[in-house]
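Structure file start_4.tsv with TSV, C-alpha atoms:
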```tsv
chain	number	residue	atom	x	y	z
A	1	MET	CA	0.00	0.00	0.00
A	2	ILE	CA	1.41	3.37	-1.05
A	3	THR	CA	1.27	5.78	1.89
A	4	THR	CA	3.52	8.56	0.50
A	5	TYR	CA	4.02	9.67	-3.09
A	6	HIS	CA	7.05	11.60	-4.42
A	7	ARG	CA	7.62	12.94	-7.93
A	8	PRO	CA	11.27	14.08	-8.12
A	9	GLN	CA	12.43	16.28	-10.96
A	10	THR	CA	16.07	15.13	-11.01
A	11	LEU	CA	17.88	11.81	-10.76
A	12	ASP	CA	19.83	12.98	-7.70
A	13	GLU	CA	16.60	13.87	-5.94
A	14	ALA	CA	15.17	10.44	-6.75
A	15	LEU	CA	18.28	8.66	-5.50
A	16	ASN	CA	18.23	10.61	-2.23
A	17	LEU	CA	14.58	9.68	-1.68
A	18	LEU	CA	15.29	6.02	-2.42
A	19	THR	CA	17.81	5.87	0.45
A	20	GLN	CA	14.92	6.20	2.90
A	21	PRO	CA	13.49	3.02	4.48
A	22	ASN	CA	10.50	1.34	2.81
A	23	THR	CA	10.88	3.51	-0.29
A	24	VAL	CA	10.58	2.03	-3.77
A	25	PRO	CA	10.74	3.37	-7.35
A	26	LEU	CA	7.52	3.71	-9.31
A	27	GLY	CA	7.77	3.16	-13.05
A	28	GLY	CA	4.76	1.68	-14.81
A	29	GLY	CA	2.99	0.81	-11.57
A	30	THR	CA	2.15	-2.78	-12.53
A	31	LEU	CA	3.75	-4.10	-9.33
A	32	LEU	CA	2.87	-1.36	-6.85
A	33	SER	CA	-0.75	-1.39	-7.96
A	34	GLN	CA	-1.15	-4.91	-6.61
A	35	PRO	CA	-2.80	-5.19	-3.16
A	36	THR	CA	-0.41	-5.52	-0.22
A	37	VAL	CA	-0.45	-4.89	3.52
A	38	ASP	CA	3.04	-3.38	3.50
A	39	SER	CA	3.27	0.42	3.64
A	40	VAL	CA	5.74	2.00	1.21
A	41	GLN	CA	6.76	5.38	-0.11
A	42	ALA	CA	6.68	5.57	-3.91
A	43	VAL	CA	9.18	7.58	-5.93
A	44	ASP	CA	7.66	8.31	-9.33
A	45	LEU	CA	10.33	8.24	-12.08
A	46	GLN	CA	8.22	9.67	-14.89
A	47	ALA	CA	9.77	13.16	-14.84
A	48	LEU	CA	13.37	11.93	-15.14
A	49	GLY	CA	13.48	11.36	-18.90
A	50	LEU	CA	14.38	7.69	-18.60
A	51	ASP	CA	11.95	6.53	-21.29
A	52	PHE	CA	14.37	6.90	-24.21
A	53	LEU	CA	15.10	4.38	-26.96
A	54	THR	CA	18.28	5.32	-28.79
A	55	LYS	CA	20.30	3.42	-31.38
A	56	LYS	CA	24.01	4.15	-30.93
A	57	GLY	CA	26.31	2.34	-33.31
A	58	ASN	CA	25.84	-1.38	-32.76
A	59	ASP	CA	23.80	-0.93	-29.57
A	60	LEU	CA	20.24	-0.09	-28.63
A	61	GLU	CA	20.12	1.95	-25.43
A	62	ILE	CA	16.82	1.55	-23.59
A	63	GLY	CA	15.80	3.88	-20.79
A	64	ALA	CA	14.65	2.22	-17.60
A	65	THR	CA	11.11	3.57	-17.83
A	66	ALA	CA	10.60	2.81	-21.52
A	67	THR	CA	7.58	0.52	-21.74
A	68	LEU	CA	7.66	-2.97	-23.14
A	69	GLN	CA	5.25	-1.86	-25.85
A	70	SER	CA	7.43	1.06	-26.93
A	71	LEU	CA	10.39	-1.30	-27.23
A	72	LEU	CA	8.26	-3.78	-29.17
A	73	GLU	CA	7.26	-1.05	-31.62
A	74	ASN	CA	10.81	0.31	-32.07
A	75	GLU	CA	12.20	-0.50	-35.51
A	76	ALA	CA	15.63	-1.35	-34.10
A	77	CYS	CA	14.26	-4.06	-31.81
A	78	PRO	CA	15.22	-7.51	-33.16
A	79	ALA	CA	12.33	-9.67	-34.33
A	80	ALA	CA	13.13	-12.51	-31.91
A	81	LEU	CA	13.19	-10.07	-28.99
A	82	LYS	CA	9.79	-8.80	-30.10
A	83	ALA	CA	8.47	-12.36	-29.96
A	84	ALA	CA	9.73	-12.70	-26.39
A	85	ILE	CA	8.14	-9.38	-25.40
A	86	LYS	CA	4.76	-10.45	-26.78
A	87	LEU	CA	4.95	-13.62	-24.73
A	88	GLU	CA	6.00	-11.73	-21.59
A	89	ALA	CA	2.70	-9.90	-21.11
A	90	PRO	CA	-0.54	-8.96	-22.91
A	91	ILE	CA	-0.73	-5.58	-24.60
A	92	ASN	CA	-2.61	-3.84	-21.77
A	93	ILE	CA	0.27	-4.71	-19.43
A	94	ARG	CA	2.96	-3.96	-22.02
A	95	ASN	CA	1.61	-0.43	-22.39
A	96	SER	CA	2.44	0.34	-18.76
A	97	ALA	CA	5.13	-2.15	-17.67
A	98	THR	CA	8.62	-0.70	-17.89
A	99	VAL	CA	11.73	-2.48	-19.11
A	100	ALA	CA	13.54	-2.10	-15.78
A	101	GLY	CA	10.51	-3.03	-13.72
A	102	THR	CA	9.99	-6.16	-15.76
A	103	LEU	CA	13.58	-7.26	-15.18
A	104	VAL	CA	13.49	-6.51	-11.46
A	105	ALA	CA	10.28	-8.53	-11.06
A	106	SER	CA	11.29	-11.34	-13.42
A	107	ASP	CA	11.76	-14.96	-12.50
A	108	GLY	CA	12.98	-17.95	-14.45
A	109	ARG	CA	9.85	-18.07	-16.58
A	110	SER	CA	10.39	-14.60	-18.07
A	111	PRO	CA	10.83	-14.78	-21.87
A	112	PHE	CA	12.05	-11.16	-21.92
A	113	ALA	CA	14.79	-11.74	-19.35
A	114	THR	CA	15.79	-14.97	-21.11
A	115	ALA	CA	16.23	-13.21	-24.46
A	116	LEU	CA	18.22	-10.34	-22.94
A	117	LEU	CA	20.43	-12.80	-21.06
A	118	ALA	CA	21.28	-14.53	-24.34
A	119	MET	CA	22.15	-11.14	-25.86
A	120	ASP	CA	24.48	-10.35	-22.95
A	121	ALA	CA	22.52	-7.18	-22.16
A	122	LYS	CA	24.12	-4.61	-19.86
A	123	LEU	CA	22.36	-2.71	-17.08
A	124	THR	CA	23.46	0.73	-15.90
A	125	ILE	CA	22.63	1.08	-12.21
A	126	ASP	CA	23.06	4.28	-10.25
A	127	HIS	CA	23.92	3.69	-6.61
A	128	GLY	CA	23.99	7.35	-5.60
A	129	PRO	CA	26.96	9.43	-4.43
A	130	LYS	CA	28.40	7.00	-1.87
A	131	THR	CA	29.88	4.24	-3.99
A	132	VAL	CA	33.20	2.45	-4.31
A	133	ASP	CA	35.94	4.49	-6.03
A	134	GLY	CA	33.60	7.45	-6.26
A	135	GLN	CA	31.64	5.88	-9.11
A	136	SER	CA	27.92	6.55	-9.05
A	137	SER	CA	26.84	4.49	-12.07
A	138	ILE	CA	28.01	0.90	-12.44
A	139	VAL	CA	27.43	-1.32	-15.47
A	140	TYR	CA	26.36	-4.89	-14.72
A	141	GLY	CA	25.89	-7.84	-17.02
A	142	LEU	CA	22.32	-9.07	-16.80
A	143	GLY	CA	23.68	-12.47	-15.78
A	144	ASP	CA	25.25	-10.86	-12.70
A	145	PHE	CA	22.20	-8.76	-11.91
A	146	LEU	CA	19.49	-11.41	-12.02
A	147	PRO	CA	20.62	-13.67	-9.16
A	148	LEU	CA	21.91	-10.79	-7.01
A	149	ARG	CA	19.42	-7.94	-7.55
A	150	PRO	CA	21.91	-5.31	-6.28
A	151	HIS	CA	20.55	-2.17	-4.64
A	152	GLY	CA	20.38	0.97	-6.73
A	153	LEU	CA	18.28	2.40	-9.53
A	154	ILE	CA	18.44	0.96	-13.03
A	155	THR	CA	18.71	3.88	-15.44
A	156	ALA	CA	19.35	2.09	-18.75
A	157	VAL	CA	19.56	-1.30	-20.45
A	158	THR	CA	21.88	-1.76	-23.43
A	159	VAL	CA	21.49	-4.58	-25.95
A	160	PRO	CA	23.79	-5.33	-28.90
A	161	LEU	CA	22.39	-5.15	-32.40
A	162	ASN	CA	25.39	-6.75	-34.11
A	163	THR	CA	24.21	-10.24	-33.24
A	164	LYS	CA	21.71	-12.73	-34.58
A	165	LEU	CA	18.99	-13.76	-32.15
A	166	ALA	CA	16.57	-16.70	-32.20
A	167	PHE	CA	13.83	-17.45	-29.68
A	168	GLU	CA	11.72	-20.59	-29.29
A	169	PHE	CA	9.34	-21.74	-26.57
A	170	VAL	CA	6.86	-24.37	-25.40
A	171	SER	CA	3.91	-23.49	-23.16
A	172	ARG	CA	0.63	-25.11	-22.17
A	173	THR	CA	-1.43	-22.42	-23.91
A	174	PRO	CA	-0.46	-19.44	-26.08
A	175	ALA	CA	-1.27	-17.12	-23.16
A	176	ASP	CA	0.88	-18.96	-20.61
A	177	LYS	CA	4.46	-18.22	-19.64
A	178	PRO	CA	6.74	-20.90	-21.13
A	179	ILE	CA	7.45	-24.23	-19.51
A	180	VAL	CA	10.67	-24.07	-21.50
A	181	CYS	CA	12.04	-21.29	-23.66
A	182	ALA	CA	15.37	-20.92	-25.40
A	183	ALA	CA	17.11	-17.81	-26.70
A	184	LEU	CA	20.25	-18.10	-28.80
A	185	ALA	CA	22.47	-15.17	-29.72
A	186	GLN	CA	25.37	-15.51	-32.11
A	187	TRP	CA	27.98	-12.93	-33.10
A	188	ASN	CA	29.95	-12.74	-36.37
A	189	SER	CA	33.02	-13.88	-34.45
A	190	GLY	CA	31.26	-17.18	-33.73
A	191	ARG	CA	30.58	-16.41	-30.09
A	192	THR	CA	27.37	-18.20	-29.11
A	193	ARG	CA	25.24	-17.65	-26.00
A	194	LEU	CA	22.31	-19.90	-25.13
A	195	ALA	CA	19.91	-18.87	-22.37
A	196	LEU	CA	17.08	-21.05	-21.10
A	197	GLY	CA	13.92	-20.02	-19.27
A	198	GLY	CA	10.85	-21.67	-17.83
A	199	TYR	CA	12.15	-22.68	-14.42
A	200	GLY	CA	13.56	-21.28	-11.19
A	201	LYS	CA	14.25	-17.80	-9.87
A	202	SER	CA	16.01	-16.54	-12.99
A	203	PRO	CA	16.83	-17.73	-16.52
A	204	MET	CA	19.94	-19.88	-16.94
A	205	LEU	CA	22.94	-19.26	-19.15
A	206	ALA	CA	23.56	-22.70	-20.64
A	207	MET	CA	26.38	-21.77	-23.02
A	208	ASP	CA	28.73	-18.90	-23.75
A	209	GLY	CA	31.44	-20.09	-26.09
A	210	THR	CA	33.38	-19.34	-29.24
A	211	GLU	CA	31.25	-21.72	-31.31
A	212	ALA	CA	27.96	-23.64	-31.18
A	213	ASP	CA	29.36	-27.17	-30.84
A	214	GLY	CA	27.69	-29.07	-28.01
A	215	ILE	CA	24.72	-26.75	-27.75
A	216	GLU	CA	22.17	-29.58	-27.42
A	217	SER	CA	24.13	-31.20	-24.60
A	218	ALA	CA	24.50	-27.86	-22.87
A	219	ALA	CA	20.75	-27.33	-23.04
A	220	ARG	CA	20.04	-30.76	-21.58
A	221	ASN	CA	22.57	-30.40	-18.77
A	222	ALA	CA	21.18	-27.03	-17.68
A	223	PHE	CA	17.82	-28.56	-16.78
A	224	HIS	CA	18.95	-31.79	-15.10
A	225	GLU	CA	17.29	-30.76	-11.81
A	226	ALA	CA	14.50	-28.57	-13.22
A	227	THR	CA	11.46	-30.32	-11.76
A	228	ASP	CA	8.50	-28.32	-10.47
A	229	GLU	CA	4.69	-28.36	-10.59
A	230	TRP	CA	4.75	-27.46	-14.29
A	231	ALA	CA	7.06	-30.14	-15.70
A	232	SER	CA	9.64	-32.78	-14.88
A	233	ALA	CA	13.37	-32.33	-15.35
A	234	ALA	CA	13.42	-35.12	-17.95
A	235	TYR	CA	10.75	-33.34	-20.01
A	236	ARG	CA	12.55	-30.01	-19.81
A	237	MET	CA	15.88	-31.58	-20.75
A	238	ASP	CA	14.40	-33.09	-23.92
A	239	VAL	CA	12.50	-29.95	-24.89
A	240	ALA	CA	15.43	-27.63	-24.17
A	241	SER	CA	17.68	-29.69	-26.41
A	242	THR	CA	15.11	-29.59	-29.21
A	243	LEU	CA	14.54	-25.84	-28.88
A	244	ALA	CA	18.26	-25.10	-28.83
A	245	LYS	CA	18.73	-27.08	-32.03
A	246	ARG	CA	15.76	-25.27	-33.58
A	247	CYS	CA	17.19	-21.88	-32.63
A	248	LEU	CA	20.56	-22.76	-34.15
A	249	GLY	CA	18.84	-23.82	-37.35
A	250	THR	CA	17.06	-20.47	-37.74
A	251	ILE	CA	20.11	-18.23	-37.21
```
Encoded form (structure tokens):
Amino acid sequence: MITTYHRPQTLDEALNLLTQPNTVPLGGGTLLSQPTVDSVQAVDLQALGLDFLTKKGNDLEIGATATLQSLLENEACPAALKAAIKLEAPINIRNSATVAGTLVASDGRSPFATALLAMDAKLTIDHGPKTVDGQSSIVYGLGDFLPLRPHGLITAVTVPLNTKLAFEFVSRTPADKPIVCAALAQWNSGRTRLALGGYGKSPMLAMDGTEADGIESAARNAFHEATDEWASAAYRMDVASTLAKRCLGTI
């Protein structure tokens, strides 16, 4: 339950407010609008200009408060990433859910987080004035961020555009989050990253190598303990291997 509302006009003001106890950032509001008994102060980020989408060289820089729908509609967004975004949430949610908020709230079944993990996306997080070596903003790999969820405010997400991306999934119904999904990114150098979703607290990086040899085995091995109420580990191992092979065949 939101008990106090702030709308800062500068990033520094927002960061100072976020140092207070029980204070959380407010982006699209899809999380904070859910009923809860906890009292929080909300810091609205809308006035900070963090909703940009800018192509710079081989990268697409995405502001933290850019919505999923605005990213989906951006011409620089790769087609496979668009497919993952559509699966992440219906359009009414995509119109309000922010890129940063989606990543912060994501779990292992997030198609969006899985695709960005494969692409080796980078997150710029501002920790305020009191940081190590005097640095306020620190760049994290998404693979480091997801299991740790470090404190601070995400201000931007950067994804490479000089890579090929494929995304495949299996779900019970078209509207469900995947039981298994696979995202494969490959660079001209041959570097290949395979990320798998559908299980656990965050997507898994199954492969990051100089070539794609062994990708099916890597997919199977990643899910050897992935049993939950949705599927058995044996099922996920078989499906992940198939999806990884399918992704490789479409790149």
Using all atoms listed in the file, which protein or nucleic acid residues come within 7 Å of range 199-215 of chain A? Drop anything in the same chain fewer than 2 positions from it, and give the result as a PyMOL selection string. chain A and resi 107-109+113-114+146-147+190-197+217-219+222+226+244
Tell me which protein, DNA and RNA residues are within 12 Å of range 86-97 of chain A, counting only C-alpha atoms, leaving out same-chain ones fewer than 3 positions away, and put them as a PyMOL selection string. chain A and resi 26-33+46+51+64-73+79-83+100-115+167-171+173-178+181+197-198
Just to confirm, what's the straight-line distance from CA of Val159 in chain A to CA of Ala121 in chain A in Å (one decimal)?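 Going from CA of Val159 in chain A over to CA of Ala121 in chain A, I get 4.7 Å.
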One decimal, in Å: what's the spacing between CA of Leu161 in chain A and CA of Lys245 in chain A?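 Separating CA of Leu161 in chain A from CA of Lys245 in chain A is a distance of 22.2 Å.
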Any idea what the distance is between CA of Asn162 in chain A and CA of Lys122 in chain A?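 Atom-to-atom, CA of Asn162 in chain A and CA of Lys122 in chain A are spaced 14.5 Å apart.
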Find the residue from A:Val40, A:Ile125, A:Leu116, A:Ala166 that sits nearest to Leu142 in chain A; use only C-alpha atoms when measuring.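 The answer is A:Leu116, which sits nearest to Leu142 in chain A.
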Proximity to Leu17 in chain A - best of A:Ser189, A:Val180, A:Gly128, A:Val99, all atoms listed in the file: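 Looking only at the distances to Leu17 in chain A, the closest residue turns out to be A:Gly128.
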Point out the residue among A:Asn22, A:Gln41, A:Ser241, A:Ser232 with the least atom-to-atom distance to Glu216 in chain A, counting all atoms listed in the file.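 Smallest distance to Glu216 in chain A is found for A:Ser241.
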Using N, CA and C atoms, give me range 58-97 of chain A from the structure I just pasted, as a compact mmCIF listing (two decimals), in the first residue's frame.
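As a result, part.txt now contains:
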```txt
# COMPACT_ATOMS: atom_id res chain seq x y z
N ASN A 58 26.33 0.00 -32.76
CA ASN A 58 25.84 -1.38 -32.76
C ASN A 58 24.99 -1.71 -31.54
N ASP A 59 24.58 -0.70 -30.80
CA ASP A 59 23.80 -0.93 -29.57
C ASP A 59 22.46 -0.21 -29.62
N LEU A 60 21.51 -0.76 -28.88
CA LEU A 60 20.24 -0.09 -28.63
C LEU A 60 20.21 0.23 -27.14
N GLU A 61 20.17 1.52 -26.82
CA GLU A 61 20.12 1.95 -25.43
C GLU A 61 18.66 2.20 -25.06
N ILE A 62 18.22 1.54 -24.00
CA ILE A 62 16.82 1.55 -23.59
C ILE A 62 16.72 2.17 -22.21
N GLY A 63 15.99 3.26 -22.09
CA GLY A 63 15.80 3.88 -20.79
C GLY A 63 15.00 2.98 -19.87
N ALA A 64 15.26 3.12 -18.58
CA ALA A 64 14.65 2.22 -17.60
C ALA A 64 13.13 2.27 -17.62
N THR A 65 12.56 3.44 -17.88
CA THR A 65 11.11 3.57 -17.83
C THR A 65 10.45 3.47 -19.20
N ALA A 66 11.22 3.12 -20.23
CA ALA A 66 10.60 2.81 -21.52
C ALA A 66 9.69 1.60 -21.33
N THR A 67 8.52 1.63 -21.92
CA THR A 67 7.58 0.52 -21.74
C THR A 67 7.94 -0.64 -22.66
N LEU A 68 7.46 -1.81 -22.29
CA LEU A 68 7.66 -2.97 -23.14
C LEU A 68 7.06 -2.75 -24.53
N GLN A 69 5.90 -2.09 -24.57
CA GLN A 69 5.25 -1.86 -25.85
C GLN A 69 6.05 -0.91 -26.73
N SER A 70 6.63 0.13 -26.14
CA SER A 70 7.43 1.06 -26.93
C SER A 70 8.67 0.38 -27.49
N LEU A 71 9.26 -0.54 -26.72
CA LEU A 71 10.39 -1.30 -27.23
C LEU A 71 9.94 -2.23 -28.35
N LEU A 72 8.81 -2.88 -28.16
CA LEU A 72 8.26 -3.78 -29.17
C LEU A 72 8.04 -3.05 -30.49
N GLU A 73 7.59 -1.81 -30.42
CA GLU A 73 7.26 -1.05 -31.62
C GLU A 73 8.47 -0.35 -32.23
N ASN A 74 9.62 -0.37 -31.55
CA ASN A 74 10.81 0.31 -32.07
C ASN A 74 11.40 -0.49 -33.22
N GLU A 75 11.73 0.19 -34.31
CA GLU A 75 12.20 -0.50 -35.51
C GLU A 75 13.55 -1.18 -35.31
N ALA A 76 14.32 -0.74 -34.33
CA ALA A 76 15.63 -1.35 -34.10
C ALA A 76 15.55 -2.61 -33.26
N CYS A 77 14.41 -2.88 -32.67
CA CYS A 77 14.26 -4.06 -31.81
C CYS A 77 14.28 -5.32 -32.66
N PRO A 78 15.15 -6.28 -32.36
CA PRO A 78 15.22 -7.51 -33.16
C PRO A 78 13.91 -8.29 -33.13
N ALA A 79 13.60 -8.96 -34.21
CA ALA A 79 12.33 -9.67 -34.33
C ALA A 79 12.17 -10.74 -33.25
N ALA A 80 13.23 -11.47 -32.92
CA ALA A 80 13.13 -12.51 -31.91
C ALA A 80 12.88 -11.92 -30.53
N LEU A 81 13.45 -10.74 -30.27
CA LEU A 81 13.19 -10.07 -28.99
C LEU A 81 11.73 -9.61 -28.93
N LYS A 82 11.20 -9.17 -30.05
CA LYS A 82 9.79 -8.80 -30.10
C LYS A 82 8.89 -9.99 -29.77
N ALA A 83 9.26 -11.16 -30.26
CA ALA A 83 8.47 -12.36 -29.96
C ALA A 83 8.49 -12.66 -28.46
N ALA A 84 9.63 -12.47 -27.83
CA ALA A 84 9.73 -12.70 -26.39
C ALA A 84 8.91 -11.68 -25.61
N ILE A 85 8.91 -10.44 -26.07
CA ILE A 85 8.14 -9.38 -25.40
C ILE A 85 6.64 -9.68 -25.47
N LYS A 86 6.18 -10.13 -26.63
CA LYS A 86 4.76 -10.45 -26.78
C LYS A 86 4.35 -11.58 -25.85
N LEU A 87 5.25 -12.51 -25.62
CA LEU A 87 4.95 -13.62 -24.73
C LEU A 87 5.04 -13.21 -23.26
N GLU A 88 5.80 -12.17 -22.97
CA GLU A 88 6.00 -11.73 -21.59
C GLU A 88 4.71 -11.24 -20.95
N ALA A 89 3.91 -10.48 -21.70
CA ALA A 89 2.70 -9.90 -21.11
C ALA A 89 1.75 -9.48 -22.22
N PRO A 90 0.43 -9.44 -21.93
CA PRO A 90 -0.54 -8.96 -22.91
C PRO A 90 -0.37 -7.46 -23.14
N ILE A 91 -0.99 -6.95 -24.18
CA ILE A 91 -0.73 -5.58 -24.60
C ILE A 91 -1.14 -4.55 -23.54
N ASN A 92 -2.20 -4.82 -22.79
CA ASN A 92 -2.61 -3.84 -21.77
C ASN A 92 -1.55 -3.70 -20.68
N ILE A 93 -0.84 -4.78 -20.39
CA ILE A 93 0.27 -4.71 -19.43
C ILE A 93 1.50 -4.11 -20.08
N ARG A 94 1.77 -4.48 -21.32
CA ARG A 94 2.96 -3.96 -22.02
C ARG A 94 2.91 -2.45 -22.16
N ASN A 95 1.73 -1.88 -22.24
CA ASN A 95 1.61 -0.43 -22.39
C ASN A 95 2.02 0.33 -21.13
N SER A 96 2.06 -0.33 -20.00
CA SER A 96 2.44 0.34 -18.76
C SER A 96 3.70 -0.23 -18.12
N ALA A 97 3.96 -1.52 -18.28
CA ALA A 97 5.13 -2.15 -17.67
C ALA A 97 6.41 -1.61 -18.27
```
